[in-house]
Amino acid sequence: MELLACGHAAYEGPFRICLHLAVEESDDDVIRVYTGRGLAYDLLCATCAALDDPGSQLAVVCEGCSERAEEQTATGVRGTPEVRRCDVPVGGAFHETPLALDPANGRCLAPLPDGWLVYTTNALTVVRTDAATDVRADTTTVVRTDANHGLTDVRADAATYELVLSDEEAPDSSVHGVYGPTVHASYDGRFAAVVTDHGQYGAVVDLAARGVVALRLDRGQGHNYTTPFPFTFAQDGTVIAATDWNRLDRFDAATGRLLTERDTSWAKGENYLDYFHGRLTVNRAGTWCVDDGWVWHPVGIPLMIDLAAWREGDRYAADRGRSLAQRDYAWNQPVAWVDDTTVAIQRIGDDDLAMVDGVQLYDAPTARRVGVFAGPKGEMWSVDGRLAVAADEGLEFWDPVDGIRTGLIPDYHPTAYNPHTRTFATLANGTLRTYRLP
Ligand SMILES: [Zn+2]
Ligand SMILES: [Zn+2]
């Protein structure tokens, strides 16, 4: 066996490195240099990566030396991985219908079985659309908010329900995301919620009861600016939401009754969770949920929570989510379920400074990574086993099995997808513009 560049007679490692990284005491930063072939990359120290011809520094080393170089988290990226595209026509059709509502932001349009839910800065409105044509049939305002962003029940025959969504100045939008309201709707369309992402408060309203506020939410102030409000509707008529920075609870959506009484205090030790909950994404069956939160120092750690176990009596199931990955400074990325056991999480890498656009796939029962491919970047939905991504170029469709882009609707950037009608939508400039899949 011949000596390799590192001086060892051993099997070749899976990637090339500069020889500075083969020195065990090296504390130089590590840079990943993608080769453009699949997701293959080489590793260079920061000094070599800055040279005009960094490739000249690369050498084939042994498995041990490449493994040791890989132990250091890469803090930078050069080059790009291979992005595979094989676009075919998507089919489908656009519809436009006038709608004089101005969503508070891109997160304030949500799907209902027979239309859409819109939250403007002063009202929550149900927009019913014709099932065949997507043309607006009627609109009903169910909840109004007051000037202080309180949410107020508008039923003339009921006491006024007032709800504070925000009692403080909106913070500057931070690196973590844009502060403001987000609308959620339950799959069956009975309940809606308005929560303040990167803020403290939220509310669940019963649309069947003309907007009765069923539940008020308050997750406290503990670094709440770092994550969207952890909230999701499950498929069994319950709500899962944060009630503290490190605690999730389930509630009956209709009555607001707490279903998960338990002790998670510091004094209890074993059930105390040192984790800042993040955006929740539940699968269609309501059996698994990804929590896109973080821990100090800070490290993004997407957790897989077993909702079925929680519902069936494992009181601390939500406090014992299984870690899918550890990513320094990286969380709040788009997440979508491909099917009931496979979830896609965007961005590839171990450090926010060294990520590339793409998707990592995880299997829920084992919490193992089962796939990865480069390309997708943008808000993401699951559509018939494919991933739809509102990307810079337009609405993209990706086959997650082969990791290939299979379709593009150029220059269309929807903010919502309606699985009932298989329709995407944007609402801006007084027009609801939908795209219905064939
Ligand atoms: Zn070097
Ligand atoms: Zn070696």
# chains A, B, ... in the order shown; residues from 1 in each chain; ligands from 1
>>> closest_atom_pairs(of="chain A", to="ligand 2", cutoff="7 Å", atoms="only C-alpha atoms and all ligand atoms", output="JSON lines")
{"residue": "A:Leu4", "atom": "CA", "partner": "ligand 2", "partner_atom_place_in_ligand_line": "1 (Zn)", "distance": 6.9}
{"residue": "A:Cys6", "atom": "CA", "partner": "ligand 2", "partner_atom_place_in_ligand_line": "1 (Zn)", "distance": 4.5}
{"residue": "A:Gly7", "atom": "CA", "partner": "ligand 2", "partner_atom_place_in_ligand_line": "1 (Zn)", "distance": 6.0}
{"residue": "A:His8", "atom": "CA", "partner": "ligand 2", "partner_atom_place_in_ligand_line": "1 (Zn)", "distance": 4.6}
{"residue": "A:Ala22", "atom": "CA", "partner": "ligand 2", "partner_atom_place_in_ligand_line": "1 (Zn)", "distance": 6.8}
{"residue": "A:Val61", "atom": "CA", "partner": "ligand 2", "partner_atom_place_in_ligand_line": "1 (Zn)", "distance": 5.2}
{"residue": "A:Cys62", "atom": "CA", "partner": "ligand 2", "partner_atom_place_in_ligand_line": "1 (Zn)", "distance": 4.1}
{"residue": "A:Glu63", "atom": "CA", "partner": "ligand 2", "partner_atom_place_in_ligand_line": "1 (Zn)", "distance": 6.6}
{"residue": "A:Gly64", "atom": "CA", "partner": "ligand 2", "partner_atom_place_in_ligand_line": "1 (Zn)", "distance": 5.6}
{"residue": "A:Cys65", "atom": "CA", "partner": "ligand 2", "partner_atom_place_in_ligand_line": "1 (Zn)", "distance": 4.3}
>>> write_last_selection(atoms="N, CA and C atoms", output="PDB file, in the first residue's frame")
ATOM      1  N   LEU A   4       0.017   7.831   1.370  1.00  0.00           N
ATOM      2  CA  LEU A   4      -0.833   8.936   0.901  1.00  0.00           C
ATOM      3  C   LEU A   4      -0.159  10.259   1.291  1.00  0.00           C
ATOM      4  N   CYS A   6      -0.815  12.424   3.340  1.00  0.00           N
ATOM      5  CA  CYS A   6      -0.735  12.698   4.773  1.00  0.00           C
ATOM      6  C   CYS A   6       0.393  11.901   5.443  1.00  0.00           C
ATOM      7  N   GLY A   7       1.014  10.978   4.664  1.00  0.00           N
ATOM      8  CA  GLY A   7       2.122  10.211   5.223  1.00  0.00           C
ATOM      9  C   GLY A   7       1.714   8.864   5.783  1.00  0.00           C
ATOM     10  N   HIS A   8       0.394   8.540   5.625  1.00  0.00           N
ATOM     11  CA  HIS A   8      -0.090   7.262   6.165  1.00  0.00           C
ATOM     12  C   HIS A   8      -0.330   6.268   5.032  1.00  0.00           C
ATOM     13  N   ALA A  22      -4.578  18.115   8.168  1.00  0.00           N
ATOM     14  CA  ALA A  22      -4.115  16.793   8.606  1.00  0.00           C
ATOM     15  C   ALA A  22      -3.215  16.912   9.833  1.00  0.00           C
ATOM     16  N   VAL A  61      -6.052  12.099   1.217  1.00  0.00           N
ATOM     17  CA  VAL A  61      -5.484  11.653   2.493  1.00  0.00           C
ATOM     18  C   VAL A  61      -6.199  10.376   2.937  1.00  0.00           C
ATOM     19  N   CYS A  62      -5.760   9.844   4.053  1.00  0.00           N
ATOM     20  CA  CYS A  62      -6.336   8.578   4.515  1.00  0.00           C
ATOM     21  C   CYS A  62      -7.679   8.813   5.209  1.00  0.00           C
ATOM     22  N   GLU A  63      -8.397   7.749   5.429  1.00  0.00           N
ATOM     23  CA  GLU A  63      -9.711   7.835   6.094  1.00  0.00           C
ATOM     24  C   GLU A  63      -9.611   8.534   7.441  1.00  0.00           C
ATOM     25  N   GLY A  64      -8.589   8.165   8.216  1.00  0.00           N
ATOM     26  CA  GLY A  64      -8.442   8.732   9.554  1.00  0.00           C
ATOM     27  C   GLY A  64      -8.232  10.230   9.510  1.00  0.00           C
ATOM     28  N   CYS A  65      -7.375  10.688   8.588  1.00  0.00           N
ATOM     29  CA  CYS A  65      -7.092  12.125   8.500  1.00  0.00           C
ATOM     30  C   CYS A  65      -8.328  12.895   8.012  1.00  0.00           C
TER      31      CYS A  65
END
>>> residues_near_ligand(ligand="ligand 1", cutoff="7 Å", atoms="only C-alpha atoms and all ligand atoms", output="PyMOL selection string")
chain A and resi 18-21+44-48+57
>>> residues_around(residues="Thr423 of chain A", least_positions_apart="4", cutoff="9 Å", atoms="only C-alpha atoms", output="JSON, numbers by chain")
{"A": [134, 416, 417, 418, 419, 434, 435, 436, 437]}
>>> select_by_dssp(residues="segment 130-342 of chain A", states="alpha helix (DSSP H)", output="compact mmCIF listing (two decimals) with C-alpha atoms, in the first residue's frame")
# COMPACT_ATOMS: atom_id res chain seq x y z
CA LEU A 307 -47.98 13.02 19.45
CA ALA A 308 -49.63 9.62 19.38
CA ALA A 309 -47.80 8.64 22.58
CA TRP A 310 -48.66 11.96 24.20
CA ARG A 311 -52.33 11.53 23.38
>>> closest_residue(among="A:Gly293, A:Gly385, A:Gly189, A:Gly202", to="Leu112 of chain A", atoms="only C-alpha atoms")
A:Gly189
>>> decode(residues="segment 214-260 of chain A", atoms="N, CA and C atoms", output="PDB file, in the first residue's frame")
ATOM      1  N   ALA A 214     -62.037  30.905  21.969  1.00  0.00           N
ATOM      2  CA  ALA A 214     -62.088  29.684  22.770  1.00  0.00           C
ATOM      3  C   ALA A 214     -60.883  29.547  23.687  1.00  0.00           C
ATOM      4  N   LEU A 215     -59.791  30.175  23.329  1.00  0.00           N
ATOM      5  CA  LEU A 215     -58.549  29.963  24.075  1.00  0.00           C
ATOM      6  C   LEU A 215     -57.620  31.147  23.840  1.00  0.00           C
ATOM      7  N   ARG A 216     -57.054  31.641  24.937  1.00  0.00           N
ATOM      8  CA  ARG A 216     -56.039  32.695  24.822  1.00  0.00           C
ATOM      9  C   ARG A 216     -54.694  32.100  25.177  1.00  0.00           C
ATOM     10  N   LEU A 217     -53.698  32.480  24.439  1.00  0.00           N
ATOM     11  CA  LEU A 217     -52.365  31.894  24.617  1.00  0.00           C
ATOM     12  C   LEU A 217     -51.351  32.957  25.032  1.00  0.00           C
ATOM     13  N   ASP A 218     -50.454  32.558  25.921  1.00  0.00           N
ATOM     14  CA  ASP A 218     -49.386  33.445  26.397  1.00  0.00           C
ATOM     15  C   ASP A 218     -48.175  32.554  26.671  1.00  0.00           C
ATOM     16  N   ARG A 219     -47.100  32.741  25.935  1.00  0.00           N
ATOM     17  CA  ARG A 219     -45.926  31.880  26.133  1.00  0.00           C
ATOM     18  C   ARG A 219     -44.830  32.583  26.921  1.00  0.00           C
ATOM     19  N   GLY A 220     -45.145  33.746  27.492  1.00  0.00           N
ATOM     20  CA  GLY A 220     -44.141  34.455  28.270  1.00  0.00           C
ATOM     21  C   GLY A 220     -43.144  35.161  27.378  1.00  0.00           C
ATOM     22  N   GLN A 221     -42.142  35.725  28.008  1.00  0.00           N
ATOM     23  CA  GLN A 221     -41.222  36.590  27.262  1.00  0.00           C
ATOM     24  C   GLN A 221     -39.861  35.962  27.026  1.00  0.00           C
ATOM     25  N   GLY A 222     -39.633  34.760  27.535  1.00  0.00           N
ATOM     26  CA  GLY A 222     -38.284  34.158  27.460  1.00  0.00           C
ATOM     27  C   GLY A 222     -37.774  33.998  26.040  1.00  0.00           C
ATOM     28  N   HIS A 223     -37.016  34.967  25.576  1.00  0.00           N
ATOM     29  CA  HIS A 223     -36.406  34.928  24.231  1.00  0.00           C
ATOM     30  C   HIS A 223     -37.444  34.621  23.147  1.00  0.00           C
ATOM     31  N   ASN A 224     -38.671  35.106  23.341  1.00  0.00           N
ATOM     32  CA  ASN A 224     -39.710  34.741  22.370  1.00  0.00           C
ATOM     33  C   ASN A 224     -39.464  35.329  20.975  1.00  0.00           C
ATOM     34  N   TYR A 225     -38.602  36.336  20.887  1.00  0.00           N
ATOM     35  CA  TYR A 225     -38.300  36.940  19.584  1.00  0.00           C
ATOM     36  C   TYR A 225     -37.515  35.981  18.674  1.00  0.00           C
ATOM     37  N   THR A 226     -37.019  34.887  19.245  1.00  0.00           N
ATOM     38  CA  THR A 226     -36.153  33.996  18.449  1.00  0.00           C
ATOM     39  C   THR A 226     -36.925  32.980  17.616  1.00  0.00           C
ATOM     40  N   THR A 227     -38.203  32.774  17.907  1.00  0.00           N
ATOM     41  CA  THR A 227     -38.945  31.740  17.169  1.00  0.00           C
ATOM     42  C   THR A 227     -40.357  32.209  16.816  1.00  0.00           C
ATOM     43  N   PRO A 228     -40.927  31.662  15.733  1.00  0.00           N
ATOM     44  CA  PRO A 228     -42.357  31.848  15.507  1.00  0.00           C
ATOM     45  C   PRO A 228     -43.119  31.282  16.713  1.00  0.00           C
ATOM     46  N   PHE A 229     -44.328  31.738  16.949  1.00  0.00           N
ATOM     47  CA  PHE A 229     -45.106  31.213  18.081  1.00  0.00           C
ATOM     48  C   PHE A 229     -45.325  29.720  17.857  1.00  0.00           C
ATOM     49  N   PRO A 230     -44.874  28.881  18.809  1.00  0.00           N
ATOM     50  CA  PRO A 230     -45.070  27.436  18.633  1.00  0.00           C
ATOM     51  C   PRO A 230     -46.558  27.101  18.742  1.00  0.00           C
ATOM     52  N   PHE A 231     -47.156  26.737  17.617  1.00  0.00           N
ATOM     53  CA  PHE A 231     -48.600  26.509  17.582  1.00  0.00           C
ATOM     54  C   PHE A 231     -48.932  25.587  16.420  1.00  0.00           C
ATOM     55  N   THR A 232     -49.869  24.663  16.670  1.00  0.00           N
ATOM     56  CA  THR A 232     -50.423  23.909  15.547  1.00  0.00           C
ATOM     57  C   THR A 232     -51.761  23.306  15.952  1.00  0.00           C
ATOM     58  N   PHE A 233     -52.617  23.148  14.982  1.00  0.00           N
ATOM     59  CA  PHE A 233     -53.823  22.353  15.191  1.00  0.00           C
ATOM     60  C   PHE A 233     -53.490  20.898  14.900  1.00  0.00           C
ATOM     61  N   ALA A 234     -53.947  19.993  15.762  1.00  0.00           N
ATOM     62  CA  ALA A 234     -53.838  18.574  15.450  1.00  0.00           C
ATOM     63  C   ALA A 234     -55.145  18.152  14.778  1.00  0.00           C
ATOM     64  N   GLN A 235     -55.226  16.896  14.339  1.00  0.00           N
ATOM     65  CA  GLN A 235     -56.414  16.499  13.550  1.00  0.00           C
ATOM     66  C   GLN A 235     -57.543  15.989  14.427  1.00  0.00           C
ATOM     67  N   ASP A 236     -57.349  16.007  15.740  1.00  0.00           N
ATOM     68  CA  ASP A 236     -58.355  15.439  16.628  1.00  0.00           C
ATOM     69  C   ASP A 236     -59.124  16.521  17.389  1.00  0.00           C
ATOM     70  N   GLY A 237     -59.147  17.740  16.854  1.00  0.00           N
ATOM     71  CA  GLY A 237     -59.873  18.815  17.525  1.00  0.00           C
ATOM     72  C   GLY A 237     -59.109  19.430  18.676  1.00  0.00           C
ATOM     73  N   THR A 238     -57.793  19.176  18.743  1.00  0.00           N
ATOM     74  CA  THR A 238     -56.993  19.787  19.795  1.00  0.00           C
ATOM     75  C   THR A 238     -55.990  20.770  19.208  1.00  0.00           C
ATOM     76  N   VAL A 239     -55.484  21.579  20.119  1.00  0.00           N
ATOM     77  CA  VAL A 239     -54.481  22.584  19.795  1.00  0.00           C
ATOM     78  C   VAL A 239     -53.210  22.227  20.554  1.00  0.00           C
ATOM     79  N   ILE A 240     -52.069  22.363  19.917  1.00  0.00           N
ATOM     80  CA  ILE A 240     -50.790  22.234  20.623  1.00  0.00           C
ATOM     81  C   ILE A 240     -50.113  23.597  20.548  1.00  0.00           C
ATOM     82  N   ALA A 241     -49.738  24.122  21.704  1.00  0.00           N
ATOM     83  CA  ALA A 241     -49.167  25.468  21.721  1.00  0.00           C
ATOM     84  C   ALA A 241     -48.218  25.614  22.899  1.00  0.00           C
ATOM     85  N   ALA A 242     -47.274  26.559  22.771  1.00  0.00           N
ATOM     86  CA  ALA A 242     -46.356  26.841  23.864  1.00  0.00           C
ATOM     87  C   ALA A 242     -47.084  27.647  24.937  1.00  0.00           C
ATOM     88  N   THR A 243     -46.825  27.282  26.199  1.00  0.00           N
ATOM     89  CA  THR A 243     -47.346  28.058  27.318  1.00  0.00           C
ATOM     90  C   THR A 243     -46.190  28.614  28.156  1.00  0.00           C
ATOM     91  N   ASP A 244     -44.992  28.369  27.707  1.00  0.00           N
ATOM     92  CA  ASP A 244     -43.779  28.930  28.295  1.00  0.00           C
ATOM     93  C   ASP A 244     -42.687  28.704  27.256  1.00  0.00           C
ATOM     94  N   TRP A 245     -41.482  29.268  27.495  1.00  0.00           N
ATOM     95  CA  TRP A 245     -40.424  29.098  26.488  1.00  0.00           C
ATOM     96  C   TRP A 245     -40.047  27.639  26.315  1.00  0.00           C
ATOM     97  N   ASN A 246     -40.212  26.829  27.394  1.00  0.00           N
ATOM     98  CA  ASN A 246     -39.762  25.435  27.368  1.00  0.00           C
ATOM     99  C   ASN A 246     -40.907  24.461  27.624  1.00  0.00           C
ATOM    100  N   ARG A 247     -42.142  24.870  27.351  1.00  0.00           N
ATOM    101  CA  ARG A 247     -43.262  23.967  27.614  1.00  0.00           C
ATOM    102  C   ARG A 247     -44.315  24.062  26.520  1.00  0.00           C
ATOM    103  N   LEU A 248     -44.752  22.871  26.063  1.00  0.00           N
ATOM    104  CA  LEU A 248     -45.895  22.781  25.161  1.00  0.00           C
ATOM    105  C   LEU A 248     -47.058  22.168  25.920  1.00  0.00           C
ATOM    106  N   ASP A 249     -48.274  22.541  25.528  1.00  0.00           N
ATOM    107  CA  ASP A 249     -49.470  21.911  26.089  1.00  0.00           C
ATOM    108  C   ASP A 249     -50.452  21.618  24.984  1.00  0.00           C
ATOM    109  N   ARG A 250     -51.367  20.675  25.289  1.00  0.00           N
ATOM    110  CA  ARG A 250     -52.491  20.407  24.385  1.00  0.00           C
ATOM    111  C   ARG A 250     -53.764  20.905  25.040  1.00  0.00           C
ATOM    112  N   PHE A 251     -54.643  21.461  24.208  1.00  0.00           N
ATOM    113  CA  PHE A 251     -55.921  21.973  24.694  1.00  0.00           C
ATOM    114  C   PHE A 251     -57.038  21.452  23.800  1.00  0.00           C
ATOM    115  N   ASP A 252     -58.208  21.325  24.388  1.00  0.00           N
ATOM    116  CA  ASP A 252     -59.410  21.088  23.589  1.00  0.00           C
ATOM    117  C   ASP A 252     -59.752  22.415  22.914  1.00  0.00           C
ATOM    118  N   ALA A 253     -59.789  22.419  21.573  1.00  0.00           N
ATOM    119  CA  ALA A 253     -59.965  23.690  20.869  1.00  0.00           C
ATOM    120  C   ALA A 253     -61.330  24.319  21.143  1.00  0.00           C
ATOM    121  N   ALA A 254     -62.352  23.505  21.332  1.00  0.00           N
ATOM    122  CA  ALA A 254     -63.704  24.037  21.493  1.00  0.00           C
ATOM    123  C   ALA A 254     -63.912  24.680  22.857  1.00  0.00           C
ATOM    124  N   THR A 255     -63.337  24.069  23.887  1.00  0.00           N
ATOM    125  CA  THR A 255     -63.571  24.562  25.242  1.00  0.00           C
ATOM    126  C   THR A 255     -62.371  25.287  25.836  1.00  0.00           C
ATOM    127  N   GLY A 256     -61.216  25.127  25.235  1.00  0.00           N
ATOM    128  CA  GLY A 256     -60.002  25.722  25.794  1.00  0.00           C
ATOM    129  C   GLY A 256     -59.455  24.953  26.983  1.00  0.00           C
ATOM    130  N   ARG A 257     -60.004  23.766  27.246  1.00  0.00           N
ATOM    131  CA  ARG A 257     -59.594  22.995  28.419  1.00  0.00           C
ATOM    132  C   ARG A 257     -58.186  22.406  28.229  1.00  0.00           C
ATOM    133  N   LEU A 258     -57.363  22.557  29.267  1.00  0.00           N
ATOM    134  CA  LEU A 258     -56.007  21.991  29.254  1.00  0.00           C
ATOM    135  C   LEU A 258     -56.078  20.470  29.389  1.00  0.00           C
ATOM    136  N   LEU A 259     -55.379  19.757  28.499  1.00  0.00           N
ATOM    137  CA  LEU A 259     -55.430  18.291  28.504  1.00  0.00           C
ATOM    138  C   LEU A 259     -54.137  17.657  28.998  1.00  0.00           C
ATOM    139  N   THR A 260     -53.142  18.486  29.299  1.00  0.00           N
ATOM    140  CA  THR A 260     -51.812  17.925  29.587  1.00  0.00           C
ATOM    141  C   THR A 260     -51.230  18.465  30.888  1.00  0.00           C
TER     142      THR A 260
END
